[in-house]
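First comes the structure, then the notes that go with it.
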Amino acid sequence: MGIKFNHYKVNSRKDLLDFISDKQGNKVYKEIGKNPEAWIDELGLIYPMLADCGLTCSSGIFAPPFNDKKFRKLGEKAYLYRGNEINLSGLWLFKGKDIFNKSDWEHYNLGGRASISLNSEFKISHEKLLPENFEKIASIKRRTRPIMKFKIDDIDVYAKGAHIIYSLYHDYARPKYRLTNFRSINKMTSKGEMEKTIEMANAGIKTSRVIGYYEALCEEFFFLEGVNGKSPKKCLQSHRREIIKQDAEMLAILCSLGYNKQGFADFDDKIFDGKNLHLIDVDETIDLYAHDSTDYRKILMNPNDAKKLKKFRGYQNAIFKQKLKDAIYEYQEDMLKNPEDKKAYINAFYKKMRWAVPSSKEIKNLTTFPRNYITYERNINMMLEE
């Protein structure tokens, strides 16, 4: 069942020039005023590093907001607007002779607009999800990738920001045509995490409820409702069998969706509320087949080659059973200490996958480990380190 979002357009707190000045200093505004054409080229290189599109320019559509006090002069032909008229925000260059002729102006969008998508189930003001508002009352949970916690109308809200990684040229190595030191910018968005969370919830995994999403060029936040509960590890004495069942079902669903949750058996990203086991963080969930070279399209698109499809399904099942065996191996010290617990975990996984009841031989194979046993995840990590 999908989420119905209400959508709102707002002014973003930061635009591209804010991002550059934060890293390179406020001198950027003075420099744009001196040589706006060269800076348009520079901005055109940086903009797509933060977005999936390029810097856009329009001419003859809108007139500059001359009478707005926030229409700021940077130089003889360059102006910056960061006022309330969202469609007019950005950099304005005068390219003609008549300042009142719209066609004599070029308008560049610098990411001054943002959007908020709010889950209609939450009857809260979208303005409370603006970074400039919630940061005043939030506690910081992590700094490297911004994660904050705050309350809205007695609702515990977690805001998970995008992780922006950038590399800079040394001054001596910077190409002569470049005006800033930005070599590359990689923005790991929060939107993908929201989409995964919704996908997993729709598939049957208990997750934190999605509240909404704030999206702008230089800032993004994914909002989740906090889950009240404890680490499953602290509830094993009183709810062991229920946690075993739900954890195995969670693993089966992740396999069916094609995801590998790194550190699945750590319990760090799970909460038990006394009834349900929740997966509260999916940012370490990656493609289960990321290191596989199988041509899935070729297999699935040919309806006459049932042999290859059957072979691939067998290969998939082998991966799923490997993930099951790895989980049992990792849980041996706490949740799955005895054979009966291991058997219950296997049965719950098989049932969720709609497989036949496992035989004694299968159970023995899944619960027997050589001294030098290496999990699938560790094996991949070792290969990546080589």
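A note on labels: chains of the structure tokens are A, B, ... as shown, every chain counts residues from 1, and ligands are counted from 1 in their shown order.
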Check which residues of range 98-138 of chain A sit at most 8 Å from range 150-161 of chain A using only C-alpha atoms, and return one row each with the closest pair of atoms and their distance in Å to one decimal, ordered by chain and rising number, as a tab-separated table.
```
residue	atom	partner	partner_atom	distance
A:Ile124	CA	A:Ile152	CA	7.7
A:Lys128	CA	A:Ile152	CA	7.5
A:Phe134	CA	A:Phe150	CA	7.1
A:Ile137	CA	A:Phe150	CA	6.2
A:Ala138	CA	A:Phe150	CA	4.5
```
Compile the contact shell of Met49 in chain A as a ChimeraX atom specification: residues with an atom at most 7 Å away, counting only C-alpha atoms, same-chain residues fewer than 3 positions apart removed.
/A:46,184-186
Write to file, as a PDB file, in the first residue's frame, the residues of the selection just made, with N, CA and C atoms.
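Contents of out_28.pdb, as written:
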```
ATOM      1  N   ILE A  46      29.883  22.824 -11.695  1.00  0.00           N
ATOM      2  CA  ILE A  46      29.618  22.355 -10.334  1.00  0.00           C
ATOM      3  C   ILE A  46      28.181  21.878 -10.154  1.00  0.00           C
ATOM      4  N   SER A 184      35.534  17.109  -7.490  1.00  0.00           N
ATOM      5  CA  SER A 184      34.366  16.249  -7.641  1.00  0.00           C
ATOM      6  C   SER A 184      33.484  16.381  -6.411  1.00  0.00           C
ATOM      7  N   ILE A 185      32.207  16.142  -6.598  1.00  0.00           N
ATOM      8  CA  ILE A 185      31.245  16.158  -5.497  1.00  0.00           C
ATOM      9  C   ILE A 185      30.347  14.933  -5.667  1.00  0.00           C
ATOM     10  N   ASN A 186      30.230  14.161  -4.612  1.00  0.00           N
ATOM     11  CA  ASN A 186      29.371  12.970  -4.636  1.00  0.00           C
ATOM     12  C   ASN A 186      28.323  13.105  -3.546  1.00  0.00           C
TER      13      ASN A 186
END
```
Please report, as a Markdown table, each residue of range 127-236 of chain A lying at most 12 Å from range 311-334 of chain A, together with the nearest pair of atoms and the separation in Å rounded to one decimal; use only C-alpha atoms, and order rows by chain and ascending residue number.
```
| residue | atom | partner | partner_atom | distance |
| --- | --- | --- | --- | --- |
| A:Pro232 | CA | A:Asp334 | CA | 10.5 |
| A:Lys233 | CA | A:Asp334 | CA | 7.6 |
| A:Lys234 | CA | A:Asp334 | CA | 10.3 |
| A:Cys235 | CA | A:Asp334 | CA | 11.2 |
| A:Leu236 | CA | A:Asp334 | CA | 8.4 |
```
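Non-sequential neighbours of range 190-196 of chain A (distance at most 6 Å, separation of 4 or more positions within a chain, only C-alpha atoms) are A:Ala162, A:Phe222, A:Asp283.
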Dump of C-alpha atoms for the selected residues, as a compact mmCIF listing (two decimals), in the first residue's frame:
```
# COMPACT_ATOMS: atom_id res chain seq x y z
CA ALA A 162 22.27 13.51 2.57
CA PHE A 222 14.42 12.10 5.09
CA ASP A 283 21.07 2.93 4.73
```
Neighbour list for range 201-213 of chain A as number ranges by chain, cut-off 8 Å, only C-alpha atoms, skip fewer than 6 positions in-chain:
A: 1-2, 5, 116-119, 122, 191, 194, 220-227, 250, 253, 276-280
As a ChimeraX atom specification, please: every residue in range 224-317 of chain A that a backbone DSSP assignment puts in strand (DSSP E).
/A:224-225,259-261,270-272,277-279,285-287
Would you output that residue set with C-alpha atoms, as an mmCIF file, in the first residue's frame?
```
data_model
loop_
_atom_site.group_PDB
_atom_site.id
_atom_site.type_symbol
_atom_site.label_atom_id
_atom_site.label_comp_id
_atom_site.auth_asym_id
_atom_site.auth_seq_id
_atom_site.Cartn_x
_atom_site.Cartn_y
_atom_site.Cartn_z
ATOM 1 C CA LEU A 224 11.123 9.110 10.083
ATOM 2 C CA GLU A 225 8.960 8.541 13.128
ATOM 3 C CA TYR A 259 18.826 -6.742 -0.740
ATOM 4 C CA ASN A 260 21.800 -7.513 1.453
ATOM 5 C CA LYS A 261 21.619 -5.788 4.853
ATOM 6 C CA LYS A 270 16.570 -3.223 14.901
ATOM 7 C CA ILE A 271 14.080 -2.386 17.643
ATOM 8 C CA PHE A 272 11.616 -4.716 19.378
ATOM 9 C CA LEU A 277 10.563 -6.437 15.358
ATOM 10 C CA HIS A 278 11.360 -3.260 13.410
ATOM 11 C CA LEU A 279 14.158 -2.489 10.962
ATOM 12 C CA THR A 285 21.190 -2.137 2.656
ATOM 13 C CA ILE A 286 22.778 -2.800 -0.727
ATOM 14 C CA ASP A 287 22.036 -4.817 -3.853
#
```
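CA of Asn228 in chain A to CA of Ile243 in chain A spans 16.0 Å [interatomic distance, one decimal].
Between Arg82 in chain A and the residues A:Met200, A:Ile61, A:Ile140, A:Val10, the shortest atom-to-atom distance, using only C-alpha atoms, involves A:Val10.
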As a PDB file with N, CA and C atoms, in the first residue's frame, please: the residues near range 13-28 of chain A (cut-off 7 Å, only C-alpha atoms, same-chain neighbours under 6 positions excluded).
```pdb
ATOM      1  N   LEU A 110      19.855  28.655  -9.355  1.00  0.00           N
ATOM      2  CA  LEU A 110      20.976  28.157  -8.555  1.00  0.00           C
ATOM      3  C   LEU A 110      20.515  27.191  -7.449  1.00  0.00           C
ATOM      4  N   GLY A 111      19.317  26.651  -7.615  1.00  0.00           N
ATOM      5  CA  GLY A 111      18.816  25.722  -6.596  1.00  0.00           C
ATOM      6  C   GLY A 111      18.182  26.443  -5.427  1.00  0.00           C
ATOM      7  N   GLY A 112      17.551  27.558  -5.688  1.00  0.00           N
ATOM      8  CA  GLY A 112      16.918  28.342  -4.628  1.00  0.00           C
ATOM      9  C   GLY A 112      15.554  27.829  -4.215  1.00  0.00           C
ATOM     10  N   GLU A 132      15.826  25.189   8.644  1.00  0.00           N
ATOM     11  CA  GLU A 132      16.058  26.366   9.473  1.00  0.00           C
ATOM     12  C   GLU A 132      15.148  26.401  10.698  1.00  0.00           C
ATOM     13  N   LEU A 217      18.809  21.445  -3.761  1.00  0.00           N
ATOM     14  CA  LEU A 217      20.066  21.159  -4.445  1.00  0.00           C
ATOM     15  C   LEU A 217      21.187  20.824  -3.461  1.00  0.00           C
ATOM     16  N   CYS A 218      21.307  21.583  -2.408  1.00  0.00           N
ATOM     17  CA  CYS A 218      22.447  21.443  -1.489  1.00  0.00           C
ATOM     18  C   CYS A 218      22.095  20.778  -0.166  1.00  0.00           C
TER      19      CYS A 218
END
```
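The interatomic distance for the pair CA of Asn365 in chain A and CA of Asp269 in chain A works out to 28.4 Å.
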Can you list, as a PDB file with N, CA and C atoms, in the first residue's frame, every protein, DNA or RNA residue that comes within 6 Å of Glu106 in chain A when you count only C-alpha atoms, leaving out same-chain residues fewer than 2 positions away?
```
ATOM      1  N   SER A  58      17.114  30.881 -18.405  1.00  0.00           N
ATOM      2  CA  SER A  58      15.908  31.317 -19.118  1.00  0.00           C
ATOM      3  C   SER A  58      16.037  32.803 -19.451  1.00  0.00           C
ATOM      4  N   SER A  59      15.392  33.200 -20.517  1.00  0.00           N
ATOM      5  CA  SER A  59      15.428  34.596 -20.939  1.00  0.00           C
ATOM      6  C   SER A  59      14.093  34.969 -21.562  1.00  0.00           C
ATOM      7  N   TRP A  92      21.016  36.744 -11.940  1.00  0.00           N
ATOM      8  CA  TRP A  92      20.512  37.498 -13.095  1.00  0.00           C
ATOM      9  C   TRP A  92      21.664  38.233 -13.768  1.00  0.00           C
ATOM     10  N   LEU A  93      21.801  38.056 -15.086  1.00  0.00           N
ATOM     11  CA  LEU A  93      22.827  38.759 -15.851  1.00  0.00           C
ATOM     12  C   LEU A  93      22.158  39.657 -16.895  1.00  0.00           C
TER      13      LEU A  93
END
```
Give the alpha helix (DSSP H) residues of range 96-260 of chain A, as DSSP finds them on the backbone, and put them as a JSON list (two decimals) with N, CA and C atoms, in the first residue's frame.
```json
[["chain", "number", "residue", "atom", "x", "y", "z"],
["A", 131, "PRO", "N", 14.68, 22.91, 7.39],
["A", 131, "PRO", "CA", 15.92, 22.80, 8.18],
["A", 131, "PRO", "C", 16.14, 23.98, 9.12],
["A", 132, "GLU", "N", 15.83, 25.19, 8.64],
["A", 132, "GLU", "CA", 16.06, 26.37, 9.47],
["A", 132, "GLU", "C", 15.15, 26.40, 10.70],
["A", 133, "ASN", "N", 14.06, 25.59, 10.67],
["A", 133, "ASN", "CA", 13.15, 25.53, 11.82],
["A", 133, "ASN", "C", 13.48, 24.36, 12.76],
["A", 134, "PHE", "N", 13.65, 23.15, 12.20],
["A", 134, "PHE", "CA", 13.85, 22.01, 13.11],
["A", 134, "PHE", "C", 15.25, 21.95, 13.70],
["A", 191, "LYS", "N", 16.90, 10.21, -0.46],
["A", 191, "LYS", "CA", 15.65, 9.80, -1.12],
["A", 191, "LYS", "C", 15.65, 8.30, -1.40],
["A", 192, "GLY", "N", 16.82, 7.77, -1.78],
["A", 192, "GLY", "CA", 16.90, 6.33, -2.03],
["A", 192, "GLY", "C", 16.59, 5.54, -0.78],
["A", 193, "GLU", "N", 17.02, 6.05, 0.37],
["A", 193, "GLU", "CA", 16.74, 5.36, 1.64],
["A", 193, "GLU", "C", 15.25, 5.38, 1.94],
["A", 194, "MET", "N", 14.61, 6.51, 1.65],
["A", 194, "MET", "CA", 13.16, 6.59, 1.86],
["A", 194, "MET", "C", 12.43, 5.59, 0.97],
["A", 195, "GLU", "N", 12.83, 5.52, -0.29],
["A", 195, "GLU", "CA", 12.18, 4.60, -1.22],
["A", 195, "GLU", "C", 12.37, 3.15, -0.80],
["A", 196, "LYS", "N", 13.57, 2.82, -0.31],
["A", 196, "LYS", "CA", 13.81, 1.46, 0.20],
["A", 196, "LYS", "C", 12.93, 1.17, 1.41],
["A", 197, "THR", "N", 12.82, 2.15, 2.30],
["A", 197, "THR", "CA", 12.01, 1.97, 3.50],
["A", 197, "THR", "C", 10.55, 1.68, 3.13],
["A", 198, "ILE", "N", 10.03, 2.43, 2.18],
["A", 198, "ILE", "CA", 8.65, 2.23, 1.74],
["A", 198, "ILE", "C", 8.50, 0.86, 1.07],
["A", 199, "GLU", "N", 9.47, 0.50, 0.23],
["A", 199, "GLU", "CA", 9.43, -0.79, -0.44],
["A", 199, "GLU", "C", 9.42, -1.94, 0.56],
["A", 200, "MET", "N", 10.25, -1.84, 1.58],
["A", 200, "MET", "CA", 10.32, -2.90, 2.57],
["A", 200, "MET", "C", 9.06, -2.98, 3.41],
["A", 201, "ALA", "N", 8.51, -1.82, 3.75],
["A", 201, "ALA", "CA", 7.25, -1.79, 4.50],
["A", 201, "ALA", "C", 6.13, -2.43, 3.70],
["A", 202, "ASN", "N", 6.07, -2.14, 2.41],
["A", 202, "ASN", "CA", 5.04, -2.73, 1.55],
["A", 202, "ASN", "C", 5.20, -4.24, 1.41],
["A", 203, "ALA", "N", 6.46, -4.71, 1.57],
["A", 203, "ALA", "CA", 6.72, -6.15, 1.44],
["A", 203, "ALA", "C", 6.48, -6.91, 2.75],
["A", 236, "LEU", "N", 15.56, -11.02, 24.51],
["A", 236, "LEU", "CA", 15.64, -12.44, 24.17],
["A", 236, "LEU", "C", 15.13, -13.35, 25.30],
["A", 237, "GLN", "N", 15.34, -12.95, 26.52],
["A", 237, "GLN", "CA", 14.90, -13.78, 27.64],
["A", 237, "GLN", "C", 13.38, -13.93, 27.65],
["A", 238, "SER", "N", 12.68, -12.85, 27.35],
["A", 238, "SER", "CA", 11.22, -12.86, 27.45],
["A", 238, "SER", "C", 10.51, -13.14, 26.13],
["A", 239, "HIS", "N", 11.17, -12.85, 24.99],
["A", 239, "HIS", "CA", 10.48, -12.97, 23.70],
["A", 239, "HIS", "C", 11.35, -13.67, 22.64],
["A", 240, "ARG", "N", 12.14, -14.61, 23.07],
["A", 240, "ARG", "CA", 13.10, -15.23, 22.15],
["A", 240, "ARG", "C", 12.43, -15.81, 20.92],
["A", 241, "ARG", "N", 11.42, -16.65, 21.08],
["A", 241, "ARG", "CA", 10.81, -17.34, 19.94],
["A", 241, "ARG", "C", 10.16, -16.36, 18.96],
["A", 242, "GLU", "N", 9.53, -15.32, 19.47],
["A", 242, "GLU", "CA", 8.89, -14.35, 18.59],
["A", 242, "GLU", "C", 9.94, -13.56, 17.80],
["A", 243, "ILE", "N", 11.02, -13.20, 18.46],
["A", 243, "ILE", "CA", 12.10, -12.46, 17.79],
["A", 243, "ILE", "C", 12.78, -13.35, 16.75],
["A", 244, "ILE", "N", 12.99, -14.62, 17.09],
["A", 244, "ILE", "CA", 13.59, -15.57, 16.14],
["A", 244, "ILE", "C", 12.74, -15.65, 14.87],
["A", 245, "LYS", "N", 11.44, -15.81, 15.06],
["A", 245, "LYS", "CA", 10.51, -15.95, 13.93],
["A", 245, "LYS", "C", 10.53, -14.69, 13.06],
["A", 246, "GLN", "N", 10.40, -13.52, 13.68],
["A", 246, "GLN", "CA", 10.31, -12.29, 12.90],
["A", 246, "GLN", "C", 11.64, -11.92, 12.25],
["A", 247, "ASP", "N", 12.74, -12.23, 12.91],
["A", 247, "ASP", "CA", 14.05, -11.93, 12.33],
["A", 247, "ASP", "C", 14.28, -12.80, 11.09],
["A", 248, "ALA", "N", 13.91, -14.06, 11.17],
["A", 248, "ALA", "CA", 14.06, -14.95, 10.02],
["A", 248, "ALA", "C", 13.17, -14.51, 8.87],
["A", 249, "GLU", "N", 11.95, -14.08, 9.19],
["A", 249, "GLU", "CA", 11.04, -13.60, 8.15],
["A", 249, "GLU", "C", 11.57, -12.32, 7.51],
["A", 250, "MET", "N", 12.18, -11.44, 8.32],
["A", 250, "MET", "CA", 12.77, -10.21, 7.80],
["A", 250, "MET", "C", 13.89, -10.54, 6.82],
["A", 251, "LEU", "N", 14.73, -11.50, 7.18],
["A", 251, "LEU", "CA", 15.82, -11.90, 6.31],
["A", 251, "LEU", "C", 15.29, -12.48, 5.00],
["A", 252, "ALA", "N", 14.24, -13.26, 5.07],
["A", 252, "ALA", "CA", 13.65, -13.86, 3.87],
["A", 252, "ALA", "C", 13.09, -12.79, 2.95],
["A", 253, "ILE", "N", 12.43, -11.78, 3.51],
["A", 253, "ILE", "CA", 11.88, -10.70, 2.69],
["A", 253, "ILE", "C", 12.99, -9.91, 2.02],
["A", 254, "LEU", "N", 14.05, -9.62, 2.76],
["A", 254, "LEU", "CA", 15.18, -8.90, 2.18],
["A", 254, "LEU", "C", 15.78, -9.67, 1.01],
["A", 255, "CYS", "N", 15.91, -10.99, 1.17],
["A", 255, "CYS", "CA", 16.42, -11.81, 0.07],
["A", 255, "CYS", "C", 15.49, -11.74, -1.14],
["A", 256, "SER", "N", 14.19, -11.83, -0.88],
["A", 256, "SER", "CA", 13.22, -11.80, -1.98],
["A", 256, "SER", "C", 13.24, -10.46, -2.72],
["A", 257, "LEU", "N", 13.55, -9.39, -2.00],
["A", 257, "LEU", "CA", 13.62, -8.07, -2.62],
["A", 257, "LEU", "C", 14.97, -7.81, -3.29]]
```
